[in-house]
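What follows is entry_10.csv (CSV, C-alpha atoms).
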```csv
chain,number,residue,atom,x,y,z
A,1,MET,CA,-21.5,6.7,-34.5
A,2,ALA,CA,-24.7,5.6,-36.1
A,3,GLU,CA,-26.5,2.8,-34.4
A,4,TYR,CA,-26.1,-0.5,-36.2
A,5,ASN,CA,-29.3,-2.4,-36.8
A,6,PHE,CA,-29.0,-6.1,-36.4
A,7,GLU,CA,-31.4,-8.5,-38.2
A,8,THR,CA,-32.9,-10.3,-35.2
A,9,GLU,CA,-36.4,-11.0,-36.5
A,10,GLY,CA,-37.0,-14.8,-36.2
A,11,VAL,CA,-33.5,-15.4,-34.8
A,12,LYS,CA,-33.3,-18.1,-32.1
A,13,LYS,CA,-30.0,-18.7,-30.5
A,14,THR,CA,-28.7,-20.3,-27.3
A,15,ILE,CA,-26.9,-17.9,-25.0
A,16,THR,CA,-24.9,-19.1,-22.1
A,17,PHE,CA,-24.5,-16.8,-19.1
A,18,LEU,CA,-21.3,-18.0,-17.2
A,19,ASN,CA,-21.1,-17.0,-13.6
A,20,ARG,CA,-17.6,-17.7,-12.2
A,21,LYS,CA,-17.3,-15.3,-9.2
A,22,ALA,CA,-18.6,-15.2,-5.6
A,23,PRO,CA,-21.6,-12.8,-5.2
A,24,TYR,CA,-20.2,-9.8,-3.3
A,25,GLY,CA,-16.4,-9.6,-3.8
A,26,THR,CA,-16.8,-8.2,-7.2
A,27,ILE,CA,-19.8,-6.8,-9.2
A,28,TYR,CA,-19.7,-9.5,-11.9
A,29,ALA,CA,-22.5,-11.6,-10.3
A,30,LEU,CA,-25.0,-8.7,-10.1
A,31,GLU,CA,-24.3,-7.4,-13.6
A,32,VAL,CA,-24.4,-10.9,-15.2
A,33,LEU,CA,-27.8,-11.2,-13.5
A,34,GLU,CA,-29.0,-7.9,-15.0
A,35,SER,CA,-28.0,-9.1,-18.5
A,36,VAL,CA,-29.9,-12.4,-18.0
A,37,LEU,CA,-33.0,-10.5,-17.0
A,38,ILE,CA,-32.9,-8.2,-20.0
A,39,SER,CA,-32.3,-11.1,-22.4
A,40,ALA,CA,-35.6,-12.7,-21.3
A,41,ALA,CA,-37.4,-10.1,-23.4
A,42,PHE,CA,-35.8,-11.5,-26.6
A,43,GLU,CA,-37.1,-15.0,-25.9
A,44,GLN,CA,-33.8,-16.7,-26.7
A,45,HIS,CA,-32.7,-20.1,-25.3
A,46,ALA,CA,-30.4,-19.6,-22.3
A,47,ASN,CA,-28.1,-21.5,-20.0
A,48,ILE,CA,-27.5,-19.8,-16.7
A,49,VAL,CA,-24.4,-21.6,-15.5
A,50,PHE,CA,-22.6,-21.4,-12.1
A,51,VAL,CA,-19.0,-22.6,-11.8
A,52,ASP,CA,-16.0,-22.1,-9.5
A,53,ASP,CA,-17.0,-19.6,-6.6
A,54,GLY,CA,-20.0,-18.6,-8.8
A,55,VAL,CA,-21.9,-21.5,-7.1
A,56,PHE,CA,-22.1,-19.3,-4.0
A,57,GLN,CA,-24.2,-16.8,-5.9
A,58,ILE,CA,-27.3,-19.0,-5.4
A,59,LYS,CA,-26.6,-20.4,-1.9
A,60,LYS,CA,-29.6,-20.0,0.4
A,61,GLY,CA,-29.6,-17.8,3.5
A,62,GLN,CA,-27.4,-14.9,2.4
A,63,ASP,CA,-27.3,-12.0,4.8
A,64,THR,CA,-25.6,-8.9,3.4
A,65,ALA,CA,-26.6,-6.4,6.2
A,66,ASP,CA,-23.0,-6.1,7.6
A,67,LEU,CA,-21.6,-5.7,4.1
A,68,GLU,CA,-24.0,-2.8,3.5
A,69,MET,CA,-24.6,-4.2,0.0
A,70,LYS,CA,-27.9,-5.1,-1.7
A,71,ASN,CA,-28.8,-8.8,-1.3
A,72,PHE,CA,-29.8,-9.8,-4.8
A,73,LEU,CA,-30.3,-13.5,-4.0
A,74,PRO,CA,-34.2,-13.0,-4.4
A,75,THR,CA,-33.7,-11.9,-8.0
A,76,TYR,CA,-32.5,-15.4,-8.9
A,77,GLY,CA,-36.0,-16.5,-8.1
A,78,ILE,CA,-37.2,-14.3,-10.9
A,79,ILE,CA,-35.0,-16.3,-13.3
A,80,GLU,CA,-36.5,-19.5,-12.0
A,81,MET,CA,-40.0,-18.0,-12.6
A,82,GLU,CA,-39.0,-17.0,-16.2
A,83,LYS,CA,-37.8,-20.5,-16.8
A,84,GLU,CA,-41.0,-22.1,-15.4
A,85,ASP,CA,-43.2,-19.8,-17.4
A,86,ALA,CA,-41.3,-20.7,-20.6
A,87,ASP,CA,-41.5,-24.4,-19.8
A,88,GLU,CA,-45.3,-24.2,-19.2
A,89,ASP,CA,-46.2,-22.0,-22.2
A,90,GLU,CA,-46.5,-24.2,-25.2
A,91,ASP,CA,-46.5,-21.2,-27.5
A,92,MET,CA,-43.2,-19.9,-26.2
A,93,ASP,CA,-40.1,-21.4,-27.9
A,94,MET,CA,-37.7,-20.5,-25.1
A,95,ASN,CA,-35.7,-23.2,-23.2
A,96,TRP,CA,-33.9,-22.0,-20.1
A,97,ARG,CA,-31.6,-24.2,-18.0
A,98,ILE,CA,-30.1,-23.4,-14.6
A,99,ILE,CA,-26.9,-25.4,-14.3
A,100,VAL,CA,-24.3,-25.9,-11.6
A,101,GLU,CA,-21.0,-27.6,-12.2
A,102,LYS,CA,-20.7,-30.7,-10.1
A,103,GLU,CA,-17.0,-30.5,-9.3
A,104,SER,CA,-17.3,-26.8,-8.2
A,105,MET,CA,-20.3,-27.6,-6.0
A,106,GLU,CA,-18.6,-30.6,-4.3
A,107,ALA,CA,-15.3,-28.9,-3.8
A,108,ARG,CA,-17.1,-26.3,-1.8
A,109,GLY,CA,-19.1,-28.8,0.3
A,110,LEU,CA,-22.4,-27.8,-1.2
A,111,THR,CA,-25.4,-30.0,-2.4
A,112,PRO,CA,-28.4,-29.1,-4.6
A,113,ASP,CA,-30.4,-28.6,-1.4
A,114,ASP,CA,-28.2,-25.6,-0.5
A,115,PHE,CA,-29.4,-23.6,-3.5
A,116,LYS,CA,-32.3,-21.1,-3.6
A,117,VAL,CA,-33.3,-22.3,-7.1
A,118,THR,CA,-33.7,-25.8,-8.6
A,119,VAL,CA,-30.6,-26.6,-10.6
A,120,GLU,CA,-29.3,-29.2,-13.0
A,121,VAL,CA,-26.0,-30.6,-11.8
A,122,LEU,CA,-23.6,-31.4,-14.7
A,123,SER,CA,-20.1,-32.7,-14.7
A,124,SER,CA,-17.3,-30.6,-16.1
A,125,ALA,CA,-17.3,-32.8,-19.2
A,126,GLU,CA,-21.1,-32.4,-19.7
A,127,LEU,CA,-20.8,-28.6,-19.1
A,128,ALA,CA,-18.1,-28.5,-21.8
A,129,ASP,CA,-20.7,-29.8,-24.3
A,130,VAL,CA,-23.2,-27.2,-23.2
A,131,LEU,CA,-20.6,-24.4,-23.8
A,132,ALA,CA,-19.5,-26.0,-27.2
A,133,THR,CA,-23.1,-26.0,-28.4
A,134,SER,CA,-23.9,-22.4,-27.3
A,135,ASP,CA,-24.0,-19.7,-29.9
A,136,ALA,CA,-22.7,-17.1,-27.5
A,137,VAL,CA,-21.2,-17.0,-24.0
A,138,ILE,CA,-21.7,-13.9,-21.8
A,139,GLY,CA,-20.0,-13.9,-18.5
A,140,GLY,CA,-18.2,-12.1,-15.7
B,1,MET,CA,-17.5,-13.4,-40.7
B,2,LYS,CA,-19.5,-11.0,-38.5
B,3,PHE,CA,-18.1,-10.5,-35.0
B,4,GLY,CA,-19.7,-8.9,-31.9
B,5,ILE,CA,-17.3,-7.9,-29.1
B,6,LEU,CA,-17.9,-7.6,-25.4
B,7,VAL,CA,-15.4,-5.7,-23.3
B,8,ASN,CA,-15.6,-6.5,-19.6
B,9,GLU,CA,-12.7,-4.4,-18.1
B,10,GLY,CA,-11.7,-0.8,-18.1
B,11,PRO,CA,-8.5,0.6,-19.6
B,12,PHE,CA,-5.0,0.1,-18.1
B,13,THR,CA,-5.7,-2.1,-15.0
B,14,HIS,CA,-6.4,-5.0,-17.3
B,15,GLN,CA,-5.2,-5.9,-20.9
B,16,ALA,CA,-8.7,-6.9,-21.9
B,17,SER,CA,-9.5,-3.6,-23.7
B,18,ASP,CA,-6.1,-3.5,-25.5
B,19,SER,CA,-6.7,-7.1,-26.7
B,20,ALA,CA,-10.2,-6.3,-27.8
B,21,TYR,CA,-9.0,-3.3,-29.7
B,22,GLN,CA,-6.2,-5.2,-31.5
B,23,PHE,CA,-8.7,-8.0,-32.3
B,24,VAL,CA,-11.2,-5.6,-33.8
B,25,LYS,CA,-8.5,-3.8,-35.8
B,26,ALA,CA,-7.0,-7.1,-37.2
B,27,ALA,CA,-10.5,-8.6,-38.0
B,28,ILE,CA,-11.5,-5.5,-40.0
B,29,GLU,CA,-8.1,-5.5,-41.8
B,30,LYS,CA,-8.7,-9.2,-42.8
B,31,GLY,CA,-12.1,-8.2,-44.3
B,32,HIS,CA,-14.4,-9.3,-41.4
B,33,GLU,CA,-17.2,-7.2,-40.1
B,34,VAL,CA,-17.3,-5.9,-36.6
B,35,PRO,CA,-20.6,-4.0,-36.4
B,36,ARG,CA,-20.7,-3.5,-32.6
B,37,VAL,CA,-18.5,-3.4,-29.5
B,38,PHE,CA,-20.4,-3.5,-26.2
B,39,PHE,CA,-18.8,-2.1,-23.0
B,40,TYR,CA,-20.0,-3.7,-19.8
B,41,TYR,CA,-18.9,-3.9,-16.1
B,42,ASP,CA,-15.8,-1.7,-15.7
B,43,GLY,CA,-15.5,-1.7,-19.5
B,44,VAL,CA,-17.7,1.4,-19.5
B,45,TYR,CA,-14.6,3.4,-18.4
B,46,ASN,CA,-13.2,2.9,-21.9
B,47,ALA,CA,-15.6,5.7,-22.9
B,48,ASN,CA,-14.5,8.3,-20.3
B,49,LYS,CA,-13.2,11.3,-22.3
B,50,LEU,CA,-11.5,12.7,-19.2
B,51,SER,CA,-9.0,9.9,-19.4
B,52,ALA,CA,-5.5,11.5,-19.9
B,53,PRO,CA,-2.7,9.0,-20.1
B,54,GLN,CA,0.9,10.1,-20.3
B,55,ALA,CA,2.1,11.2,-23.8
B,56,ASP,CA,4.5,8.2,-24.2
B,57,ASP,CA,1.7,5.7,-23.5
B,58,ARG,CA,-1.2,4.5,-25.7
B,59,ASN,CA,-4.4,6.4,-25.3
B,60,VAL,CA,-6.9,3.6,-25.0
B,61,VAL,CA,-10.1,5.8,-25.0
B,62,LYS,CA,-9.0,7.9,-28.0
B,63,ARG,CA,-7.9,4.8,-29.9
B,64,TRP,CA,-11.3,3.3,-29.6
B,65,SER,CA,-12.9,6.6,-30.6
B,66,ASP,CA,-10.7,6.9,-33.7
B,67,LEU,CA,-11.4,3.3,-34.8
B,68,ALA,CA,-15.2,3.8,-34.4
B,69,ILE,CA,-15.1,7.0,-36.5
B,70,GLU,CA,-12.8,5.6,-39.2
B,71,LYS,CA,-14.2,2.1,-39.5
B,72,ASP,CA,-17.9,2.9,-38.6
B,73,VAL,CA,-18.0,0.5,-35.5
B,74,ASP,CA,-20.9,1.0,-33.2
B,75,LEU,CA,-19.4,1.4,-29.7
B,76,VAL,CA,-22.2,0.9,-27.1
B,77,VAL,CA,-21.8,1.7,-23.4
B,78,CYS,CA,-24.3,0.0,-21.0
B,79,VAL,CA,-26.5,2.7,-19.5
B,80,ALA,CA,-26.9,0.9,-16.1
B,81,ALA,CA,-23.3,0.0,-15.7
B,82,GLY,CA,-22.3,3.5,-16.8
B,83,LEU,CA,-24.7,5.3,-14.4
B,84,ARG,CA,-23.4,3.5,-11.3
B,85,ARG,CA,-19.8,4.4,-12.4
B,86,GLY,CA,-20.4,8.0,-13.5
B,87,ILE,CA,-20.1,7.4,-17.2
B,88,VAL,CA,-22.8,9.7,-18.7
B,89,GLU,CA,-23.3,11.9,-21.7
B,90,ASP,CA,-21.3,14.7,-20.1
B,91,ASN,CA,-18.1,12.8,-20.1
B,92,LEU,CA,-18.8,10.4,-23.0
B,93,MET,CA,-16.0,10.3,-25.7
B,94,ASP,CA,-16.9,10.9,-29.3
B,95,GLY,CA,-17.7,7.7,-31.2
B,96,PHE,CA,-19.4,6.0,-28.2
B,97,ARG,CA,-23.1,6.0,-27.4
B,98,ILE,CA,-25.0,5.0,-24.3
B,99,SER,CA,-27.8,2.4,-24.6
B,100,GLY,CA,-29.4,-0.6,-22.8
B,101,LEU,CA,-28.3,-4.2,-22.3
B,102,GLY,CA,-30.7,-5.3,-25.0
B,103,GLN,CA,-28.0,-4.1,-27.4
B,104,LEU,CA,-25.7,-6.8,-26.1
B,105,THR,CA,-28.4,-9.5,-26.6
B,106,GLU,CA,-28.9,-8.2,-30.1
B,107,ALA,CA,-25.2,-8.4,-30.8
B,108,ALA,CA,-25.2,-12.1,-29.6
B,109,MET,CA,-28.2,-12.8,-31.8
B,110,GLY,CA,-27.1,-10.9,-34.9
B,111,THR,CA,-23.4,-12.0,-35.3
B,112,ASP,CA,-21.6,-15.2,-36.2
B,113,ARG,CA,-19.4,-15.0,-33.1
B,114,LEU,CA,-19.6,-13.0,-29.9
B,115,VAL,CA,-16.0,-12.6,-28.5
B,116,MET,CA,-15.6,-11.6,-24.9
B,117,PHE,CA,-12.6,-9.9,-23.5
B,118,GLY,CA,-12.3,-9.9,-19.7
B,119,ASP,CA,-10.2,-10.9,-16.7
```
Give the structure from this file in structure tokens form.
Amino acid sequence: MAEYNFETEGVKKTITFLNRKAPYGTIYALEVLESVLISAAFEQHANIVFVDDGVFQIKKGQDTADLEMKNFLPTYGIIEMEKEDADEDEDMDMNWRIIVEKESMEARGLTPDDFKVTVEVLSSAELADVLATSDAVIGG
Amino acid sequence: MKFGILVNEGPFTHQASDSAYQFVKAAIEKGHEVPRVFFYYDGVYNANKLSAPQADDRNVVKRWSDLAIEKDVDLVVCVAAGLRRGIVEDNLMDGFRISGLGQLTEAAMGTDRLVMFGD
């Protein structure tokens, strides 16, 4: 089929990337991460959200050697750098938030200090508002 | 309304692809536009032309292909997700094309709603 050409010039939307799964049991975490990184090129607003077992994706000190799987924890540092670059660059209209759901975090005995990146901790109700005000949700 | 669709699962194991197909068909019949369906994660297997279900079952891959050709829907398979699962030009069904993840971001930016079908 012929490629459809979207009108994206000047479009600014808020895209939420919803991470629900633990990092290595399925491929969702890695492939959501890849979609976040690509989206940076489009300079859209983004919420990178971790809920349920998804909160384990950014837990410090992961060692995947025995799993024989690639440890992609360092890549979340790139997301944090993208966010910081956008925050510091006044010419760039791109607001990124890295959000962990409070209830998911606490149910798993984790605190913000356990995470590799600096996060905003929001309650389930506050997160519902974030989702409701997003233009699109991409997740795995 | 203009819809973008994201399909996260392959055919048969999950209902996600069936639901997405029925949604797209119904939306078009109601006069909505569905310019693009993006296949990601195991969703890339929906483009495998070697899929050969039994004759008394629905043919998920062919059904998508027929819809794309009849209704001019842009079916895009993620290149990175496809490569790691062996979905390449050699076994790509008619009506699908392989491209990058930017095509998903574009669909999120250029439609009124992005609807995700997954597990």
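Every chain B residue lying within 7 Å of chain A, based on only C-alpha atoms, is listed here: Pro35, Tyr41, Ala68, Ile69, Asp72, Asp74, Gly95, Phe96, Leu101, Gly102, Thr105, Glu106, Ala108, Met109, Gly110, Arg113 and Leu114 of chain B.
From atom CA of A:Phe56 back to atom CA of A:Met69, the distance works out to 15.8 Å.
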Just the residues within 7 Å of A:Lys102, please, counting only C-alpha atoms, with nothing from its chain fewer than 6 positions along; format it as a PDB file with C-alpha atoms, keeping the file's coordinate frame.
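Saved to out28.pdb:
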```
ATOM      1  CA  VAL A 121     -26.000 -30.600 -11.800  1.00  0.00           C
ATOM      2  CA  LEU A 122     -23.600 -31.400 -14.700  1.00  0.00           C
ATOM      3  CA  SER A 123     -20.100 -32.700 -14.700  1.00  0.00           C
ATOM      4  CA  SER A 124     -17.300 -30.600 -16.100  1.00  0.00           C
TER       5      SER A 124
END
```
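The protein and nucleic acid residues lying at most 10 Å from A:Val100 are Asn19, Ile48, Val49, Phe50, Val51, Asp52, Gly54, Val55, Ile58, Met105, Pro112, Phe115, Thr118, Val119, Glu120, Val121, Leu122, Ser123, Ser124 and Leu127 of chain A, with all atoms listed in the file considered and sequence neighbours fewer than 5 positions away removed.
Across B:His14, B:His32, B:Lys62, B:Lys71, the tightest approach to B:Asn48 is made by B:Lys62 when counting only C-alpha atoms.
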Residues near A:Lys59, cut-off 9 Å, only C-alpha atoms, skip fewer than 5 positions along chain, as a list in words: Leu73, Leu110, Asp114, Phe115, Lys116 and Val117 of chain A
Residue contacts of B:Ile5 (8 Å, all atoms listed in the file) excluding same-chain residues fewer than 5 positions away, as a PyMOL selection string: chain B and resi 20+34+36-38+114-117
Between atom CA of B:Thr13 and atom CA of B:Ser99 - distance in Å to one decimal: 24.5 Å
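Using only C-alpha atoms, the nearest neighbour of A:Asp87 within the list A:Asp129, A:Ser134, A:Thr111, A:His45 is A:His45.
Within 7 Å of B:Cys78, once only C-alpha atoms are used and residues closer than 6 positions along the same chain are dropped, the contacting residues are B:Phe39, B:Tyr40, B:Val44, B:Ile98, B:Ser99, B:Gly100, B:Leu101.
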For C-alpha atoms, I'd like the residues from the last selection saved as a PDB file, keeping the file's coordinate frame.
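Below is the file again-v9.pdb, written as the result:
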```
ATOM      1  CA  PHE B  39     -18.800  -2.100 -23.000  1.00  0.00           C
ATOM      2  CA  TYR B  40     -20.000  -3.700 -19.800  1.00  0.00           C
ATOM      3  CA  VAL B  44     -17.700   1.400 -19.500  1.00  0.00           C
ATOM      4  CA  ILE B  98     -25.000   5.000 -24.300  1.00  0.00           C
ATOM      5  CA  SER B  99     -27.800   2.400 -24.600  1.00  0.00           C
ATOM      6  CA  GLY B 100     -29.400  -0.600 -22.800  1.00  0.00           C
ATOM      7  CA  LEU B 101     -28.300  -4.200 -22.300  1.00  0.00           C
TER       8      LEU B 101
END
```
Coordinates-based distance that separates atom CA of A:Arg97 from atom CA of A:Asp85 (Å, one decimal): 12.4 Å
Pick from A:Glu88, A:Glu80, A:Glu103, A:Asp66, whichever lies nearest to A:Ala46 using all atoms listed in the file: A:Glu80
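For the choices B:Gln15, B:Asp112, B:Gly10, B:Glu29, the atom-to-atom distance to B:Asn46 is smallest for B:Gly10 when using all atoms listed in the file.
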Some atoms are missing, so please complete stretch 46-76 of chain A with N, CA and C atoms and return it as a PDB file, in the coordinates of the input.
```
ATOM      1  N   ALA A  46     -31.493 -20.037 -23.183  1.00  0.00           N
ATOM      2  CA  ALA A  46     -30.400 -19.600 -22.300  1.00  0.00           C
ATOM      3  C   ALA A  46     -29.991 -20.654 -21.335  1.00  0.00           C
ATOM      4  N   ASN A  47     -28.690 -20.716 -21.092  1.00  0.00           N
ATOM      5  CA  ASN A  47     -28.100 -21.500 -20.000  1.00  0.00           C
ATOM      6  C   ASN A  47     -27.554 -20.591 -18.989  1.00  0.00           C
ATOM      7  N   ILE A  48     -28.059 -20.655 -17.760  1.00  0.00           N
ATOM      8  CA  ILE A  48     -27.500 -19.800 -16.700  1.00  0.00           C
ATOM      9  C   ILE A  48     -26.620 -20.778 -15.860  1.00  0.00           C
ATOM     10  N   VAL A  49     -25.312 -20.593 -15.985  1.00  0.00           N
ATOM     11  CA  VAL A  49     -24.400 -21.600 -15.500  1.00  0.00           C
ATOM     12  C   VAL A  49     -23.561 -21.004 -14.302  1.00  0.00           C
ATOM     13  N   PHE A  50     -23.361 -21.838 -13.273  1.00  0.00           N
ATOM     14  CA  PHE A  50     -22.600 -21.400 -12.100  1.00  0.00           C
ATOM     15  C   PHE A  50     -21.406 -22.377 -11.936  1.00  0.00           C
ATOM     16  N   VAL A  51     -20.198 -21.830 -11.999  1.00  0.00           N
ATOM     17  CA  VAL A  51     -19.000 -22.600 -11.800  1.00  0.00           C
ATOM     18  C   VAL A  51     -18.042 -21.891 -10.848  1.00  0.00           C
ATOM     19  N   ASP A  52     -17.008 -22.624 -10.411  1.00  0.00           N
ATOM     20  CA  ASP A  52     -16.000 -22.100  -9.500  1.00  0.00           C
ATOM     21  C   ASP A  52     -16.769 -21.421  -8.277  1.00  0.00           C
ATOM     22  N   ASP A  53     -16.279 -20.274  -7.774  1.00  0.00           N
ATOM     23  CA  ASP A  53     -17.000 -19.600  -6.600  1.00  0.00           C
ATOM     24  C   ASP A  53     -18.333 -19.064  -7.058  1.00  0.00           C
ATOM     25  N   GLY A  54     -18.640 -19.070  -8.343  1.00  0.00           N
ATOM     26  CA  GLY A  54     -20.000 -18.600  -8.800  1.00  0.00           C
ATOM     27  C   GLY A  54     -21.091 -19.443  -8.202  1.00  0.00           C
ATOM     28  N   VAL A  55     -20.802 -20.676  -7.755  1.00  0.00           N
ATOM     29  CA  VAL A  55     -21.900 -21.500  -7.100  1.00  0.00           C
ATOM     30  C   VAL A  55     -22.405 -20.847  -5.869  1.00  0.00           C
ATOM     31  N   PHE A  56     -21.592 -20.015  -5.228  1.00  0.00           N
ATOM     32  CA  PHE A  56     -22.100 -19.300  -4.000  1.00  0.00           C
ATOM     33  C   PHE A  56     -23.145 -18.304  -4.267  1.00  0.00           C
ATOM     34  N   GLN A  57     -23.257 -17.869  -5.536  1.00  0.00           N
ATOM     35  CA  GLN A  57     -24.200 -16.800  -5.900  1.00  0.00           C
ATOM     36  C   GLN A  57     -25.661 -17.248  -5.491  1.00  0.00           C
ATOM     37  N   ILE A  58     -25.948 -18.552  -5.615  1.00  0.00           N
ATOM     38  CA  ILE A  58     -27.300 -19.000  -5.400  1.00  0.00           C
ATOM     39  C   ILE A  58     -27.486 -19.782  -4.098  1.00  0.00           C
ATOM     40  N   LYS A  59     -26.508 -19.666  -3.197  1.00  0.00           N
ATOM     41  CA  LYS A  59     -26.600 -20.400  -1.900  1.00  0.00           C
ATOM     42  C   LYS A  59     -27.688 -19.681  -1.062  1.00  0.00           C
ATOM     43  N   LYS A  60     -28.534 -20.500  -0.455  1.00  0.00           N
ATOM     44  CA  LYS A  60     -29.600 -20.000   0.400  1.00  0.00           C
ATOM     45  C   LYS A  60     -29.071 -19.233   1.612  1.00  0.00           C
ATOM     46  N   GLY A  61     -29.904 -18.380   2.162  1.00  0.00           N
ATOM     47  CA  GLY A  61     -29.600 -17.800   3.500  1.00  0.00           C
ATOM     48  C   GLY A  61     -28.549 -16.742   3.510  1.00  0.00           C
ATOM     49  N   GLN A  62     -28.410 -15.982   2.424  1.00  0.00           N
ATOM     50  CA  GLN A  62     -27.400 -14.900   2.400  1.00  0.00           C
ATOM     51  C   GLN A  62     -27.874 -13.716   3.214  1.00  0.00           C
ATOM     52  N   ASP A  63     -26.975 -13.144   4.008  1.00  0.00           N
ATOM     53  CA  ASP A  63     -27.300 -12.000   4.800  1.00  0.00           C
ATOM     54  C   ASP A  63     -26.219 -10.924   4.540  1.00  0.00           C
ATOM     55  N   THR A  64     -26.579  -9.862   3.830  1.00  0.00           N
ATOM     56  CA  THR A  64     -25.600  -8.900   3.400  1.00  0.00           C
ATOM     57  C   THR A  64     -25.611  -7.610   4.270  1.00  0.00           C
ATOM     58  N   ALA A  65     -26.364  -7.648   5.361  1.00  0.00           N
ATOM     59  CA  ALA A  65     -26.600  -6.400   6.200  1.00  0.00           C
ATOM     60  C   ALA A  65     -25.211  -5.820   6.607  1.00  0.00           C
ATOM     61  N   ASP A  66     -24.317  -6.658   7.098  1.00  0.00           N
ATOM     62  CA  ASP A  66     -23.000  -6.100   7.600  1.00  0.00           C
ATOM     63  C   ASP A  66     -22.137  -5.637   6.447  1.00  0.00           C
ATOM     64  N   LEU A  67     -22.381  -6.149   5.235  1.00  0.00           N
ATOM     65  CA  LEU A  67     -21.600  -5.700   4.100  1.00  0.00           C
ATOM     66  C   LEU A  67     -22.088  -4.355   3.557  1.00  0.00           C
ATOM     67  N   GLU A  68     -23.294  -3.977   3.974  1.00  0.00           N
ATOM     68  CA  GLU A  68     -24.000  -2.800   3.500  1.00  0.00           C
ATOM     69  C   GLU A  68     -24.081  -2.846   1.932  1.00  0.00           C
ATOM     70  N   MET A  69     -24.358  -4.048   1.444  1.00  0.00           N
ATOM     71  CA  MET A  69     -24.600  -4.200   0.000  1.00  0.00           C
ATOM     72  C   MET A  69     -25.959  -4.851  -0.202  1.00  0.00           C
ATOM     73  N   LYS A  70     -26.544  -4.569  -1.380  1.00  0.00           N
ATOM     74  CA  LYS A  70     -27.900  -5.100  -1.700  1.00  0.00           C
ATOM     75  C   LYS A  70     -27.820  -6.622  -1.823  1.00  0.00           C
ATOM     76  N   ASN A  71     -28.704  -7.307  -1.124  1.00  0.00           N
ATOM     77  CA  ASN A  71     -28.800  -8.800  -1.300  1.00  0.00           C
ATOM     78  C   ASN A  71     -29.644  -9.057  -2.500  1.00  0.00           C
ATOM     79  N   PHE A  72     -29.008  -9.550  -3.560  1.00  0.00           N
ATOM     80  CA  PHE A  72     -29.800  -9.800  -4.800  1.00  0.00           C
ATOM     81  C   PHE A  72     -30.110 -11.279  -4.971  1.00  0.00           C
ATOM     82  N   LEU A  73     -29.962 -12.068  -3.913  1.00  0.00           N
ATOM     83  CA  LEU A  73     -30.300 -13.500  -4.000  1.00  0.00           C
ATOM     84  C   LEU A  73     -31.803 -13.660  -4.449  1.00  0.00           C
ATOM     85  N   PRO A  74     -32.766 -12.845  -3.924  1.00  0.00           N
ATOM     86  CA  PRO A  74     -34.200 -13.000  -4.400  1.00  0.00           C
ATOM     87  C   PRO A  74     -34.351 -12.920  -5.877  1.00  0.00           C
ATOM     88  N   THR A  75     -33.495 -12.159  -6.542  1.00  0.00           N
ATOM     89  CA  THR A  75     -33.700 -11.900  -8.000  1.00  0.00           C
ATOM     90  C   THR A  75     -33.452 -13.232  -8.781  1.00  0.00           C
ATOM     91  N   TYR A  76     -32.645 -14.166  -8.241  1.00  0.00           N
ATOM     92  CA  TYR A  76     -32.500 -15.400  -8.900  1.00  0.00           C
ATOM     93  C   TYR A  76     -33.815 -16.203  -8.994  1.00  0.00           C
TER      94      TYR A  76
END
```
